[in-house]
Structure formats: C-alpha cells, structure tokens
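Below is one structure, written out as structure tokens; comments come after it.
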Amino acid sequence: MADKRDYYEVLGIDRSADEASIKKAYRTLAKKYHPDLHPGDAEAEAKFKEVNEAYAILSDADKKAKYDRFGHDAFDPAAGGGAGYGGFGGFGDFGDLGDIFGSIFGGGFGGGGGQRRNAPTRGDDIGVRVTVSFEEAAFGVKKDVSYNRIQKCDDCGGSGAQKGTTAETCSVCGGSGQRRVTQRMGGMAFQTTTTCDNCRGTGKIIKSPCTNCRGTGYVKVNKKLSVNIPAGIDNGERIALRSQGSDGRNGGPAGDLIITVMVKNHELFERDGYNLYCEIPLTVAEATLGAEIEVPTLEGPQKFTVPEGTQPGTAFTLRQKGIPYVNNANRRGDLIFTVNVEIPKGLNEKQKEHMRAFAESCKESNFSKKSGFFKKKK
C-alpha cells in the first residue's frame with residue numbers, strides 16, 4: 001500500500017486534529033470533488049473516492065488508532081495488520097453526509113429523506129388590521145372583521161376527489177410522496193430521496209378531481225368574525241385568535257388570525273403607557289387668584305380647584321382617570337394635566353391702565369422667582 005497518500009494529508013489536517021476538525025475537512029472536500037459537480041472528470045472522481053476512504057478511517061476511533069500505529073498496513077490483509085475497511089464499498093458515515101448531498105441533489109441522503117409534501121402541515125397565519133377610536137381602545141369594543149382564508153373544500157372534504165370517488169395511493173411511491181434513487185460512482189453506491197414525479201409529492205393520484213376545488217382539496221372563502229377588543233389595548237398591539245387562520249393540510253392544525261389594532265389619535269389627550277396627558281389653558285386672573293376649572297376626562301369633564309398663585313407649567317394629577325389596564329379593569333393609570341397661563345393680547349388703553357396700576361401695587365415679595373433671580377445675579 002505504498003502508493004496511498006497519508007490520510008491526514010488527503011484531508012489537509014494534522015495528526016492532532018479532533019473529531020470536529022476531521023468532519024469539517026471531509027465535508028468541504030467531499031462537496032468540492034463530488035462527481036455530480038464534475039461529470040466525466042476522472043481526476044475529481046478519484047479524489048472524491050480518496051477523501052471518503054480517508055474519512056472512513058479517521059472518523060472511526062478504533063480504526064484511527066490502528067492507522068496512527070501501523071499506517072496503511074493496519075488495513076492491508078497481506079500485512080496482517082488489521083481486518084480491512086469493514087465494508088468500505090460505500091460511505092462510512094451516512095449521517096454526516098445528509099446535509100452535503102441534500103444540497104447537491106435536493107433531497108435526503110442515505111434514506112434520511114427531505115420534507116414530505118404529504119406530511120401534516122400547519123395552516124398559514126392571516127393578518128388583518130382593525131382601526132378603533134381612542135375611547136374604544138380605552139374601554140374596549142366589539143368589532144366585525146372580514147378576511148379571506150384557505151379552508152377544506154366542503155364538497156370533497158379536502159380529498160380533492162369528486163363526490164362518490166376516492167383518491168388512489170400512488171403506485172410509484174406507495175403513498176410516501178418520495179422515491180429513492182440509487183446511484184453508483186467510482187465503485188461506491190449512495191441513495192438520494194426525491195419528490196415523486198408521478199404524484200408530485202402528494203402520495204395520491206386523483207383520477208376524478210372535485211369540480212369545486214379543481215382537485216386541490218382547498219378553496220378560498222371570505223369569513224366574518226365579531227372580535228372583542230379588550231379595554232386598555234394600545235396602538236399597534238396584536239390579538240391572536242387561535243385556529244382562525246387557514247386550514248392545515250394532511251391533518252395539520254389551522255393557523256391563527258392575527259389582528260393588529262390601530263388606535264386613532266385624540267384631540268386632547270396623549271397616551272404614555274396607561275397614563276394620559278393633556279394641557280389646560282388658564283387666564284392670568286385664574287392662575288393668580290385661583291379658580292375652579294373643568295378638567296376633561298374620558299368619562300366627561302370633572303371639577304378641579306386650581307390654587308392661587310399657580311405657576312405656568314405646573315402639573316396636577318387625577319388618580320385613576322387614565323387608561324384601564326388590560327385584563328384588570330379595577331386598575332387604571334392617571335390623568336396628568338399641565339396648566340398653561342395665557343397672557344392676554346390686544347388690550348385697550350383702559351385695560352392697560354388697570355394692568356399698570358396692578359403692577360405698581362405689587363411688591364417684590366409677590367414675585368419670588370424674579371426677586372430671587374436678581375439676588376443671585378448680584
């Protein structure tokens with residue numbers, strides 16, 4: 001066996017390489033030299049066979065140990081060193097080849113199989129949008145939604161066959177929807193799993209298709225539902241209605257209906273979490289003398305007394321007047337309103353005279369912020 005190259009050299013690794021490194025090197029080279037990628041290339045086929053032979057030995061702990069000790073003589077019956085390759089006519093480890101040859105042939109390798117078209121498949125989820133007012137989002141509402149879904153044909157019950165007939169099991173694949181193809185290259189045999197051409201992967205042959213669904217077993221229908229929008233829901237949040245999406249196939253579960261709630265803006269309030277915010281204008285007299293004002297809430301106006309000397313930008317809180325918590329109607333956020341003192345414009349001469357008299361009557365102590373500012377300046 002003097003004409004054989006060192007197996008470590010074949011895979012391009014050193015003798016200290018671990019199992020993962022050996023496998024990685026093999027996968028790279030096996031794909032590089034696969035005969036299907038080099039049809040008619042004898043050199044590539046020879047290298048492919050050499051790579052597989054090296055991997056069959058180095059991937060097996062016992063064989064690797066013998067090889068490290070005796071070299072190629074460990075597997076040469078004439079040298080008496082070992083028991084040969086143990087059936088190396090094919091590939092050593094079919095499990096390691098699945099992803100390599102799956103990408104080349106488009107199916108499973110060594111009987112592993114790819115995804116079967118007749119396997120149970122979950123139905124598609126369906127998304128719809130529902131627009132609600134600010135108040136409807138706060139307190140909850142019931143809305144009607146309409147959407148299209150794919151469901152089993154009522155005429156054939158999803159079989160695809162005309163009433164009074166049944167689908168037949170495909171004679172080529174035996175109902176599996178797949179068939180195995182054995183190929184031989186360079187003295188090696190391997191199998192690939194491909195979709196059955198006869199039934200197109202369904203495993204069934206329909207000789208008399210249903211006229212309603214045209215043999216597919218499924219139809220598109222419009223469905224209407226009345227949906228409860230829970231109190232406290234926010235803009236962009238979603239509601240999932242289980243199993244209201246499209247029907248599954250081959251016994252698979254139905255998908256979900258995903259409702260995205262869009263909330264209209266409010267002319268007065270802004271929402272942050274479960275709290276509400278708004279701004280209320282006050283006159284100079286109201287802010288100076290104090291006043292009873294009306295504060296808007298989601299339930300209607302509420303009386304509130306603003307204390308005298310209220311400064312612009314002062315915030316007040318009405319507890320439990322915000323948005324109800326989802327699934328907890330007994331808990332609510334707060335309503336925080338900020339007062340904005342409005343300075344009058346377009347005063348006539350008499351009003352200005354009164355304003356000057358008022359200003360002259362005020363003392364420094366009446367303006368704590370102003371007097372404090374100039375004291376700091378000094």
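Starting from 1 in every chain, residues are counted up; chains themselves are A, B, ... following the order of the structure tokens, and ligands are numbered from 1 as listed.
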
Excluding Glu168 in chain A and any residue of its chain fewer than 6 positions from it, enumerate the residues within 10 Å of it, using only C-alpha atoms, and give them as a count of residues only. 7

Could you give me, as a tab-separated table, every range 144-209 of chain A residue with an atom at most 10 Å from range 252-272 of chain A, plus its closest atom pair and distance in Å to one decimal, counting only C-alpha atoms, rows ordered by chain then number?
residue	atom	partner	partner_atom	distance
A:Val145	CA	A:Ile259	CA	9.1
A:Tyr147	CA	A:Leu257	CA	9.3
A:Arg149	CA	A:Leu257	CA	9.4
A:Ile150	CA	A:Ala254	CA	9.6
A:Gln151	CA	A:Ala254	CA	8.9

Could you pull the residues within 7 Å of Tyr274 in chain A, counting only C-alpha atoms, minus those fewer than 6 positions along the same chain, as a list of chain:residue names? A:Gly322, A:Ile323, A:Pro324, A:Tyr325, A:Arg332, A:Gly333

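Shortest atom-to-atom contact with Gly158 in chain A among A:Phe190, A:Lys143, A:His34, A:Asn250: A:Asn250, counting only C-alpha atoms.
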
Within 9 Å of Lys142 in chain A using only C-alpha atoms, minus same-chain residues under 2 positions, as a PyMOL selection string: chain A and resi 136+140+144+226-230

Please list as a PDB file with C-alpha atoms, in the first residue's frame every residue within 12 Å of Ala285 in chain A, counting only C-alpha atoms and excluding residues in the same chain fewer than 6 positions away.
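New file result.pdb:
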ATOM      1  CA  ALA A 291     -60.203  79.136  40.343  1.00  0.00           C
ATOM      2  CA  GLU A 292     -62.452  76.155  39.906  1.00  0.00           C
ATOM      3  CA  VAL A 306     -56.526  75.409  40.955  1.00  0.00           C
ATOM      4  CA  PRO A 307     -54.832  77.114  43.932  1.00  0.00           C
ATOM      5  CA  GLU A 308     -53.948  80.801  43.813  1.00  0.00           C
ATOM      6  CA  GLY A 309     -50.507  81.665  42.601  1.00  0.00           C
ATOM      7  CA  THR A 310     -50.352  78.666  40.246  1.00  0.00           C
ATOM      8  CA  GLN A 311     -47.316  78.968  38.013  1.00  0.00           C
ATOM      9  CA  VAL A 341     -51.095  80.551  31.702  1.00  0.00           C
ATOM     10  CA  GLU A 342     -52.255  82.541  28.703  1.00  0.00           C
ATOM     11  CA  ILE A 343     -51.058  86.153  28.501  1.00  0.00           C
ATOM     12  CA  PRO A 344     -53.793  88.444  27.120  1.00  0.00           C
ATOM     13  CA  MET A 355     -52.632  96.494  34.368  1.00  0.00           C
ATOM     14  CA  PHE A 358     -51.844  96.427  39.280  1.00  0.00           C
TER      15      PHE A 358
END

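In this model, the gap between CA of Gln183 in chain A and CA of Asp62 in chain A comes to 29.4 Å.
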
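Atom pair CA of Gly248 in chain A / CA of Pro120 in chain A has a distance of 7.4 Å (rounded to one decimal).
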
May I ask which of the residues A:Ala65, A:Ile126, A:Ala138, A:Ile293 is the closest one to Gly232 in chain A, counting only C-alpha atoms? A:Ala138

Run DSSP on the backbone and grab whatever in range 209-377 of chain A lands in helix (DSSP H, G or I); send it over as a PyMOL selection string. chain A and resi 284-289+349-361+364-366+368-377

Please, could you write that set of residues out with C-alpha atoms as a compact mmCIF listing (two decimals), in the first residue's frame?
# COMPACT_ATOMS: atom_id res chain seq x y z
CA VAL A 284 -53.78 85.33 34.38
CA ALA A 285 -56.56 86.03 36.86
CA GLU A 286 -57.33 82.31 37.34
CA ALA A 287 -53.70 81.48 37.92
CA THR A 288 -53.22 84.48 40.23
CA LEU A 289 -56.38 84.24 42.31
CA GLU A 349 -56.00 101.65 26.83
CA LYS A 350 -58.24 101.30 29.86
CA GLN A 351 -57.18 97.67 30.36
CA LYS A 352 -53.55 98.63 30.06
CA GLU A 353 -54.06 101.38 32.64
CA HIS A 354 -55.52 98.86 35.06
CA MET A 355 -52.63 96.49 34.37
CA ARG A 356 -50.07 99.23 35.11
CA ALA A 357 -51.84 100.10 38.31
CA PHE A 358 -51.84 96.43 39.28
CA ALA A 359 -48.13 96.09 38.52
CA GLU A 360 -47.31 99.20 40.58
CA SER A 361 -49.31 97.87 43.50
CA GLU A 364 -41.07 92.43 45.26
CA SER A 365 -42.32 89.74 47.60
CA ASN A 366 -45.17 88.98 45.20
CA SER A 368 -40.38 85.25 44.43
CA LYS A 369 -38.74 83.86 41.28
CA LYS A 370 -37.93 87.29 39.84
CA SER A 371 -36.55 88.69 43.09
CA GLY A 372 -34.59 85.50 43.69
CA PHE A 373 -33.09 85.68 40.22
CA PHE A 374 -31.75 89.21 40.65
CA LYS A 375 -30.39 88.40 44.09
CA LYS A 376 -28.38 85.60 42.54
CA LYS A 377 -27.21 87.96 39.79

List the spatial neighbours of Tyr67 in chain A as a list in words - criterion: any atom at most 10 Å away, only C-alpha atoms, same-chain residues fewer than 5 positions off excluded. Asp6, Tyr7, Ile57, Leu58, Ala61, Asp62, His72, Asp73, Ala74, Phe75, Gly81 and Gly82 of chain A

Enumerate the residues of range 19-265 of chain A with a DSSP assignment of strand (DSSP E), computed from the backbone, and present them as an NGL selection string. :A and (126-132 or 141-152 or 168-169 or 178-185 or 188-195 or 204-205 or 218-229 or 238-241 or 257-263)

Take the residues just selected and output them with C-alpha atoms as a PDB file, in the first residue's frame.
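The result, written out as result18.pdb:
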ATOM      1  CA  ILE A 126     -53.551  35.570   8.484  1.00  0.00           C
ATOM      2  CA  GLY A 127     -53.067  39.195   9.472  1.00  0.00           C
ATOM      3  CA  VAL A 128     -55.743  41.890   9.468  1.00  0.00           C
ATOM      4  CA  ARG A 129     -55.909  45.463  10.798  1.00  0.00           C
ATOM      5  CA  VAL A 130     -58.723  46.958  12.843  1.00  0.00           C
ATOM      6  CA  THR A 131     -58.977  50.712  13.496  1.00  0.00           C
ATOM      7  CA  VAL A 132     -60.666  51.908  16.693  1.00  0.00           C
ATOM      8  CA  VAL A 141     -65.271  47.420  21.965  1.00  0.00           C
ATOM      9  CA  LYS A 142     -66.570  44.640  19.737  1.00  0.00           C
ATOM     10  CA  LYS A 143     -65.618  44.915  16.064  1.00  0.00           C
ATOM     11  CA  ASP A 144     -66.561  42.891  12.989  1.00  0.00           C
ATOM     12  CA  VAL A 145     -63.668  41.758  10.814  1.00  0.00           C
ATOM     13  CA  SER A 146     -63.764  40.228   7.357  1.00  0.00           C
ATOM     14  CA  TYR A 147     -60.895  38.298   5.791  1.00  0.00           C
ATOM     15  CA  ASN A 148     -60.086  35.561   3.276  1.00  0.00           C
ATOM     16  CA  ARG A 149     -58.833  32.179   4.431  1.00  0.00           C
ATOM     17  CA  ILE A 150     -57.996  28.850   2.804  1.00  0.00           C
ATOM     18  CA  GLN A 151     -60.160  26.011   4.075  1.00  0.00           C
ATOM     19  CA  LYS A 152     -61.058  22.460   3.189  1.00  0.00           C
ATOM     20  CA  GLU A 168     -55.824   6.347  -5.024  1.00  0.00           C
ATOM     21  CA  THR A 169     -52.481   5.651  -3.408  1.00  0.00           C
ATOM     22  CA  GLN A 178     -40.981  10.379  -2.256  1.00  0.00           C
ATOM     23  CA  ARG A 179     -38.842   7.911  -4.090  1.00  0.00           C
ATOM     24  CA  ARG A 180     -35.292   6.736  -3.582  1.00  0.00           C
ATOM     25  CA  VAL A 181     -32.760   6.750  -6.362  1.00  0.00           C
ATOM     26  CA  THR A 182     -29.571   4.679  -6.095  1.00  0.00           C
ATOM     27  CA  GLN A 183     -26.504   5.967  -7.899  1.00  0.00           C
ATOM     28  CA  ARG A 184     -23.083   4.377  -8.277  1.00  0.00           C
ATOM     29  CA  MET A 185     -19.896   6.334  -8.734  1.00  0.00           C
ATOM     30  CA  MET A 188     -19.476   3.443  -4.401  1.00  0.00           C
ATOM     31  CA  ALA A 189     -23.250   3.376  -4.023  1.00  0.00           C
ATOM     32  CA  PHE A 190     -25.412   6.034  -2.416  1.00  0.00           C
ATOM     33  CA  GLN A 191     -29.063   6.907  -2.337  1.00  0.00           C
ATOM     34  CA  THR A 192     -30.910  10.169  -2.799  1.00  0.00           C
ATOM     35  CA  THR A 193     -34.530  10.867  -1.870  1.00  0.00           C
ATOM     36  CA  THR A 194     -36.512  12.997  -4.308  1.00  0.00           C
ATOM     37  CA  THR A 195     -40.118  14.067  -4.755  1.00  0.00           C
ATOM     38  CA  LYS A 204     -52.099  10.234  -4.071  1.00  0.00           C
ATOM     39  CA  ILE A 205     -53.495  10.051  -7.583  1.00  0.00           C
ATOM     40  CA  TYR A 218     -58.971  23.514  -0.605  1.00  0.00           C
ATOM     41  CA  VAL A 219     -60.827  26.709  -1.517  1.00  0.00           C
ATOM     42  CA  LYS A 220     -60.554  30.388  -0.634  1.00  0.00           C
ATOM     43  CA  VAL A 221     -63.523  31.724   1.332  1.00  0.00           C
ATOM     44  CA  ASN A 222     -64.447  35.003   2.989  1.00  0.00           C
ATOM     45  CA  LYS A 223     -65.062  34.765   6.700  1.00  0.00           C
ATOM     46  CA  LYS A 224     -66.557  37.283   9.115  1.00  0.00           C
ATOM     47  CA  LEU A 225     -65.945  37.323  12.845  1.00  0.00           C
ATOM     48  CA  SER A 226     -67.017  39.519  15.733  1.00  0.00           C
ATOM     49  CA  VAL A 227     -63.873  40.293  17.736  1.00  0.00           C
ATOM     50  CA  ASN A 228     -63.642  41.617  21.278  1.00  0.00           C
ATOM     51  CA  ILE A 229     -61.050  44.408  21.506  1.00  0.00           C
ATOM     52  CA  ARG A 238     -51.946  42.439  18.412  1.00  0.00           C
ATOM     53  CA  ILE A 239     -54.647  39.954  19.246  1.00  0.00           C
ATOM     54  CA  ALA A 240     -54.224  36.305  18.217  1.00  0.00           C
ATOM     55  CA  LEU A 241     -57.318  34.208  17.556  1.00  0.00           C
ATOM     56  CA  LEU A 257     -55.803  35.092  12.821  1.00  0.00           C
ATOM     57  CA  ILE A 258     -53.532  37.939  13.938  1.00  0.00           C
ATOM     58  CA  ILE A 259     -55.372  41.230  14.453  1.00  0.00           C
ATOM     59  CA  THR A 260     -53.306  44.409  14.660  1.00  0.00           C
ATOM     60  CA  VAL A 261     -55.188  47.198  16.431  1.00  0.00           C
ATOM     61  CA  MET A 262     -54.683  50.741  15.149  1.00  0.00           C
ATOM     62  CA  VAL A 263     -55.851  53.475  17.557  1.00  0.00           C
TER      63      VAL A 263
END
